[in-house]
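Engineer: my_file19.txt is the file, holding compact mmCIF, C-alpha atoms:
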# COMPACT_ATOMS: atom_id res chain seq x y z
CA MET S 785 -8.23 -11.00 -25.06
CA GLN S 786 -5.11 -12.91 -24.07
CA VAL S 787 -1.85 -11.46 -22.76
CA VAL S 788 1.39 -13.42 -22.51
CA THR S 789 3.72 -12.42 -19.66
CA ALA S 790 7.52 -12.38 -19.68
CA ASP S 791 7.68 -15.96 -18.37
CA GLY S 792 5.18 -17.22 -20.94
CA THR S 793 2.12 -17.37 -18.69
CA ARG S 794 -1.07 -16.67 -20.64
CA LEU S 795 -3.52 -14.33 -18.93
CA HIS S 796 -7.17 -13.99 -19.89
CA VAL S 797 -8.25 -10.33 -19.82
CA VAL S 798 -11.75 -8.86 -19.88
CA GLU S 799 -12.03 -5.40 -21.47
CA GLN S 800 -15.27 -3.45 -21.27
CA GLY S 801 -16.51 0.12 -21.71
CA LYS S 802 -15.02 3.39 -22.88
CA GLY S 803 -13.41 6.33 -21.12
CA GLU S 804 -10.69 6.65 -18.50
CA ASP S 805 -8.70 3.45 -18.00
CA VAL S 806 -9.29 1.38 -14.84
CA LEU S 807 -7.33 -1.76 -13.98
CA TRP S 808 -9.30 -4.15 -11.72
CA LEU S 809 -7.36 -6.80 -9.75
CA GLN S 810 -9.33 -9.49 -7.90
CA GLY S 811 -8.45 -11.58 -4.84
CA LEU S 812 -7.61 -15.16 -4.00
CA ASN S 813 -9.62 -17.78 -5.92
CA ALA S 814 -11.55 -15.04 -7.77
CA PRO S 815 -11.58 -14.48 -11.55
CA ALA S 816 -12.20 -11.16 -13.29
CA ALA S 817 -15.89 -12.08 -13.49
CA ALA S 818 -16.13 -11.29 -9.77
CA TRP S 819 -15.98 -7.62 -10.85
CA SER S 820 -18.96 -8.01 -13.19
CA VAL S 821 -21.18 -5.61 -11.21
CA GLN S 822 -18.50 -2.92 -11.32
CA LEU S 823 -17.64 -3.47 -14.99
CA ALA S 824 -21.29 -3.06 -15.94
CA HIS S 825 -21.80 -0.02 -13.69
CA PHE S 826 -18.84 1.92 -15.10
CA ALA S 827 -19.16 0.77 -18.73
CA GLN S 828 -20.50 4.12 -19.94
CA SER S 829 -17.78 6.24 -18.34
CA HIS S 830 -14.64 4.11 -18.01
CA ARG S 831 -12.66 1.54 -19.95
CA SER S 832 -12.33 -1.37 -17.53
CA ILE S 833 -9.47 -3.85 -17.87
CA ALA S 834 -9.80 -6.91 -15.63
CA PRO S 835 -7.40 -9.85 -15.88
CA ASP S 836 -7.86 -13.31 -14.47
CA ALA S 837 -4.72 -13.42 -12.33
CA ARG S 838 -2.26 -16.22 -12.93
CA GLY S 839 -3.63 -19.36 -11.36
CA VAL S 840 -7.35 -18.67 -11.71
CA GLY S 841 -10.16 -18.42 -14.25
CA ALA S 842 -9.15 -18.83 -17.88
CA SER S 843 -5.52 -17.87 -17.21
CA ASP S 844 -2.66 -20.35 -16.95
CA ALA S 845 -1.90 -21.85 -13.55
CA PRO S 846 1.84 -22.56 -13.50
CA ARG S 847 3.31 -24.22 -10.45
CA GLY S 848 4.26 -21.67 -7.78
CA PRO S 849 5.11 -20.21 -5.47
CA TYR S 850 3.80 -16.88 -6.73
CA THR S 851 4.59 -13.50 -5.20
CA THR S 852 2.69 -10.22 -5.24
CA ARG S 853 5.64 -8.67 -7.07
CA GLN S 854 5.15 -11.26 -9.80
CA LEU S 855 1.41 -10.55 -9.88
CA ALA S 856 2.25 -6.85 -10.19
CA LEU S 857 4.50 -7.55 -13.18
CA ASP S 858 1.67 -9.56 -14.72
CA ALA S 859 -0.62 -6.53 -14.27
CA LEU S 860 2.02 -4.31 -15.87
CA ALA S 861 2.14 -6.67 -18.87
CA VAL S 862 -1.63 -6.30 -19.18
CA LEU S 863 -1.35 -2.49 -19.18
CA ASP S 864 1.34 -2.67 -21.84
CA ALA S 865 -0.68 -5.04 -24.01
CA CYS S 866 -3.69 -2.72 -23.77
CA SER S 867 -1.53 0.34 -24.63
CA VAL S 868 -2.36 2.01 -21.31
CA GLN S 869 0.21 4.50 -20.02
CA ARG S 870 -1.59 5.39 -16.76
CA ALA S 871 -4.63 3.85 -15.14
CA HIS S 872 -6.72 4.01 -12.04
CA LEU S 873 -6.08 0.78 -10.15
CA VAL S 874 -8.65 -0.99 -7.97
CA GLY S 875 -7.44 -4.03 -6.06
CA LEU S 876 -9.40 -6.24 -3.68
CA SER S 877 -7.69 -8.43 -1.08
CA LEU S 878 -4.80 -10.24 -2.86
CA GLY S 879 -5.40 -7.96 -5.84
CA GLY S 880 -4.90 -4.98 -3.55
CA ALA S 881 -1.61 -6.46 -2.34
CA ALA S 882 -0.46 -6.81 -5.96
CA GLY S 883 -1.67 -3.26 -6.57
CA GLN S 884 0.54 -1.97 -3.78
CA GLU S 885 3.55 -3.61 -5.40
CA LEU S 886 2.70 -2.20 -8.83
CA ALA S 887 2.29 1.31 -7.41
CA LEU S 888 5.59 0.99 -5.54
CA GLN S 889 7.54 -0.34 -8.53
CA HIS S 890 5.92 1.73 -11.29
CA PRO S 891 4.15 4.77 -9.79
CA GLU S 892 4.30 6.50 -13.17
CA ARG S 893 1.74 3.97 -14.47
CA ILE S 894 -0.78 4.49 -11.66
CA ARG S 895 -3.11 7.47 -11.68
CA SER S 896 -4.84 6.49 -8.44
CA LEU S 897 -4.87 3.48 -6.11
CA ALA S 898 -8.03 2.12 -4.48
CA LEU S 899 -7.39 -0.67 -1.98
CA LEU S 900 -10.43 -2.72 -1.00
CA SER S 901 -10.46 -5.26 1.86
CA THR S 902 -6.72 -5.73 1.61
CA PHE S 903 -3.60 -5.88 3.77
CA ALA S 904 0.03 -4.84 4.11
CA PHE S 905 0.92 -8.27 5.53
CA GLN S 906 -0.77 -11.34 6.96
CA ALA S 907 -1.43 -11.29 10.70
CA PRO S 908 -1.16 -14.57 12.69
CA ARG S 909 -4.87 -15.53 12.64
CA THR S 910 -5.38 -15.07 8.90
CA ARG S 911 -1.99 -16.64 8.23
CA ALA S 912 -3.18 -19.75 10.08
CA LEU S 913 -6.39 -19.80 8.03
CA LEU S 914 -4.52 -19.48 4.73
CA LEU S 915 -2.15 -22.30 5.69
CA ALA S 916 -5.16 -24.50 6.48
CA TRP S 917 -6.79 -23.59 3.15
CA ARG S 918 -3.52 -24.31 1.36
CA ALA S 919 -3.52 -27.86 2.74
CA LEU S 920 -7.23 -28.53 2.28
CA TYR S 921 -7.98 -27.02 -1.13
CA PRO S 922 -6.59 -29.92 -3.24
CA LEU S 923 -9.15 -32.17 -1.53
CA ALA S 924 -11.96 -29.81 -2.54
CA THR S 925 -11.17 -30.38 -6.22
CA GLN S 926 -11.78 -34.13 -6.02
CA GLY S 927 -15.54 -34.10 -6.55
CA PRO S 928 -18.62 -31.86 -6.92
CA GLU S 929 -19.81 -32.35 -3.33
CA LEU S 930 -16.43 -31.39 -1.93
CA ARG S 931 -16.28 -28.38 -4.22
CA ALA S 932 -19.73 -27.25 -3.08
CA ALA S 933 -18.72 -27.65 0.57
CA TRP S 934 -15.57 -25.64 -0.05
CA GLU S 935 -17.50 -22.82 -1.69
CA ARG S 936 -20.06 -22.66 1.12
CA GLN S 937 -17.38 -22.28 3.78
CA ALA S 938 -15.41 -19.78 1.68
CA TYR S 939 -18.47 -17.61 1.15
CA ALA S 940 -19.17 -17.77 4.89
CA TRP S 941 -15.88 -15.90 5.31
CA LEU S 942 -16.59 -13.45 2.49
CA PHE S 943 -20.05 -12.27 3.52
CA THR S 944 -21.73 -11.11 6.71
CA ASP S 945 -24.45 -12.83 8.69
CA LEU S 946 -26.96 -10.29 7.36
CA PHE S 947 -26.08 -11.24 3.77
CA TRP S 948 -26.50 -14.94 4.60
CA ARG S 949 -29.95 -14.35 6.11
CA LYS S 950 -31.26 -13.43 2.64
CA GLU S 951 -31.63 -16.68 0.70
CA ALA S 952 -31.65 -14.92 -2.67
CA ASN S 953 -28.21 -13.48 -1.93
CA VAL S 954 -26.78 -16.86 -1.04
CA ARG S 955 -28.31 -18.60 -4.05
CA ALA S 956 -26.89 -15.97 -6.39
CA ALA S 957 -23.43 -16.09 -4.81
CA LEU S 958 -23.18 -19.87 -4.85
CA ARG S 959 -24.59 -20.03 -8.38
CA PHE S 960 -21.84 -17.65 -9.49
CA ALA S 961 -19.16 -19.75 -7.76
CA ALA S 962 -20.42 -22.95 -9.40
CA SER S 963 -20.44 -21.30 -12.83
CA GLN S 964 -16.73 -20.45 -12.76
CA PRO S 965 -13.91 -22.75 -13.87
CA LEU S 966 -12.56 -24.82 -10.97
CA GLN S 967 -9.28 -23.27 -9.88
CA PRO S 968 -6.40 -25.76 -10.26
CA PRO S 969 -4.71 -26.66 -6.95
CA GLU S 970 -1.39 -25.33 -8.29
CA GLY S 971 -2.99 -21.95 -8.92
CA PHE S 972 -4.69 -21.75 -5.54
CA ILE S 973 -1.55 -22.77 -3.66
CA GLY S 974 0.54 -20.32 -5.68
CA GLN S 975 -1.86 -17.47 -4.87
CA VAL S 976 -1.90 -18.38 -1.17
CA ASP S 977 1.90 -18.30 -1.17
CA ALA S 978 1.77 -14.81 -2.69
CA ALA S 979 -0.54 -13.64 0.10
CA LEU S 980 1.59 -15.24 2.81
CA SER S 981 4.85 -13.68 1.59
CA HIS S 982 3.43 -10.19 1.02
CA ASP S 983 4.80 -7.48 3.32
CA THR S 984 4.92 -3.82 2.27
CA ARG S 985 4.84 -2.25 5.74
CA ASP S 986 8.31 -0.76 5.53
CA ARG S 987 7.81 0.58 1.96
CA LEU S 988 4.30 2.05 1.86
CA GLY S 989 5.65 5.38 3.11
CA GLN S 990 7.31 5.73 -0.30
CA LEU S 991 3.99 5.77 -2.18
CA ARG S 992 3.27 9.04 -3.94
CA VAL S 993 -0.01 8.26 -5.68
CA PRO S 994 -3.50 9.23 -4.49
CA ALA S 995 -4.81 6.36 -2.36
CA LEU S 996 -8.24 5.39 -1.08
CA VAL S 997 -8.61 2.52 1.39
CA ILE S 998 -12.10 0.99 1.57
CA HIS S 999 -12.82 -1.60 4.24
CA GLY S 1000 -15.87 -3.33 5.66
CA ALA S 1001 -16.24 -2.92 9.40
CA LEU S 1002 -17.22 -6.60 9.75
CA ASP S 1003 -14.52 -8.09 7.51
CA GLN S 1004 -13.46 -11.42 9.05
CA LEU S 1005 -10.99 -12.40 6.35
CA SER S 1006 -9.00 -9.14 6.36
CA PRO S 1007 -9.91 -7.39 9.62
CA LEU S 1008 -10.56 -3.66 9.74
CA SER S 1009 -7.22 -3.18 11.49
CA ASN S 1010 -5.56 -4.07 8.15
CA GLY S 1011 -7.29 -1.19 6.39
CA GLU S 1012 -6.51 1.19 9.23
CA GLU S 1013 -2.85 0.18 9.06
CA LEU S 1014 -2.71 0.71 5.29
CA ALA S 1015 -4.26 4.16 5.58
CA SER S 1016 -1.81 5.13 8.33
CA LEU S 1017 1.23 3.96 6.34
CA ILE S 1018 0.38 5.48 2.94
CA PRO S 1019 1.01 9.24 2.85
CA GLY S 1020 -2.23 11.17 2.33
CA ALA S 1021 -4.39 8.05 2.07
CA GLN S 1022 -8.12 8.38 2.70
CA LEU S 1023 -9.84 5.67 4.78
CA MET S 1024 -13.49 4.77 4.18
CA VAL S 1025 -15.01 2.28 6.62
CA ILE S 1026 -18.36 0.82 5.57
CA PRO S 1027 -20.51 -0.35 8.51
CA ASP S 1028 -22.18 -3.77 8.58
CA VAL S 1029 -20.20 -5.06 5.57
CA GLY S 1030 -17.71 -7.92 5.29
CA HIS S 1031 -14.85 -8.84 2.98
CA ALA S 1032 -16.73 -8.66 -0.33
CA VAL S 1033 -17.35 -4.91 -0.12
CA ASN S 1034 -17.84 -4.63 -3.88
CA ILE S 1035 -20.89 -6.91 -3.58
CA GLU S 1036 -22.37 -6.08 -0.18
CA ALA S 1037 -21.88 -2.31 -0.49
CA GLN S 1038 -22.10 -1.74 -4.24
CA ARG S 1039 -23.62 1.71 -4.17
CA ALA S 1040 -21.25 3.06 -1.52
CA VAL S 1041 -18.20 1.64 -3.30
CA HIS S 1042 -19.29 2.91 -6.73
CA SER S 1043 -19.97 6.40 -5.39
CA ALA S 1044 -16.65 6.52 -3.53
CA LEU S 1045 -14.66 5.36 -6.54
CA ARG S 1046 -16.32 7.80 -8.92
CA GLU S 1047 -15.63 10.73 -6.60
CA PHE S 1048 -12.06 9.56 -5.93
CA TRP S 1049 -11.32 9.28 -9.66
CA ARG S 1050 -12.88 12.67 -10.31
CA ARG S 1051 -10.37 14.29 -7.93
CA ALA S 1052 -7.33 12.35 -9.18
CA PRO S 1053 -4.71 14.39 -11.06
CA VAL S 1054 -4.74 13.97 -14.83
If you took the structure in this file and wrote it as structure tokens, what would it be?

Structural biologist:
Amino acid sequence: MQVVTADGTRLHVVEQGKGEDVLWLQGLNAPAAAWSVQLAHFAQSHRSIAPDARGVGASDAPRGPYTTRQLALDALAVLDACSVQRAHLVGLSLGGAAGQELALQHPERIRSLALLSTFAFQAPRTRALLLAWRALYPLATQGPELRAAWERQAYAWLFTDLFWRKEANVRAALRFAASQPLQPPEGFIGQVDAALSHDTRDRLGQLRVPALVIHGALDQLSPLSNGEELASLIPGAQLMVIPDVGHAVNIEAQRAVHSALREFWRRAPV
């Protein structure tokens, strides 16, 4: 389905399954299809709603800069269009940052908040990396070889050394990346700007929704200290650290993440 936001941006939205409503928000450079394992797993018990964020996938990519508050308003427009009053929210990386903003601005719409591999703000090392990516990404769109090189280095950040040692894993991951629409430079830069400007450290203490923070112990893109900080700042938040897993926890630790989410949702107030 397609949802049009207040500023006229068209968002592509995947809807799958039946049951309790779950809103899935993906990270930088990642379309809703990056949740495909989760959407399939929960299809018999939950109604999953997963938008391509502005700037990626089949959604419009207006010129930025974007902000996580804007991405949160986009997510709210998706909930409204799907006639959802309250939903479980699962956000990974940049999607988790947008999820924080949505929960802060409209807590009445959020039944529970699961934050995967995300951050309250960008620390100096990852800020430097994002600034480098922001400058280099337009070059990666200029030909298939450059795109393939970009995807290989990006996936090196997303997954652990153990994941990379299994050739079948790498083939599947890179095949998925190549199958997705090439993100326009305007969209990538806008999303990077949203990540760089995000800072909820002084407001997370106001959150009054059940929160679960899931983080890979070996995450190089959003270090474990980010998850620990989030859990310490959000009242009553539960922290789950998954050993030997990197940034893409929903792929490298599927079973652990699925089990944790199902139990977390089971305990969430109606």

Engineer: For Phe1048 of chain S, which residue out of S:Met1024, S:Ala932, S:Ala952, S:Leu863 is the nearest one, using all atoms listed in the file?

Structural biologist: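 Of S:Met1024, S:Ala932, S:Ala952, S:Leu863, the one nearest Phe1048 of chain S is S:Met1024, counting all atoms listed in the file.
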
Engineer: Output, as lines of an AutoDock Vina configuration file, the centre and edge lengths in Å (one decimal) of the axis-aligned box that contains all listed atoms of segment 1046-1050 of chain S with 6 Å of margin on each side.

Structural biologist:
center_x = -13.8
center_y = 10.2
center_z = -8.1
size_x = 17.0
size_y = 16.9
size_z = 16.4

Engineer: Go through S:Thr910, S:Gln937, S:Gln869, S:Ser829 and flag the residue nearest Arg1050 of chain S, using only C-alpha atoms for the distances.

Structural biologist: S:Ser829

Engineer: Using only C-alpha atoms, which of S:Glu970, S:Asp836, S:Asp858, S:Glu885 sits nearest Val788 of chain S?

Structural biologist: S:Asp858

Engineer: Just the number, please: distance in Å from atom CA of Leu930 of chain S to atom CA of Phe972 of chain S, one decimal.

Structural biologist: 15.6 Å
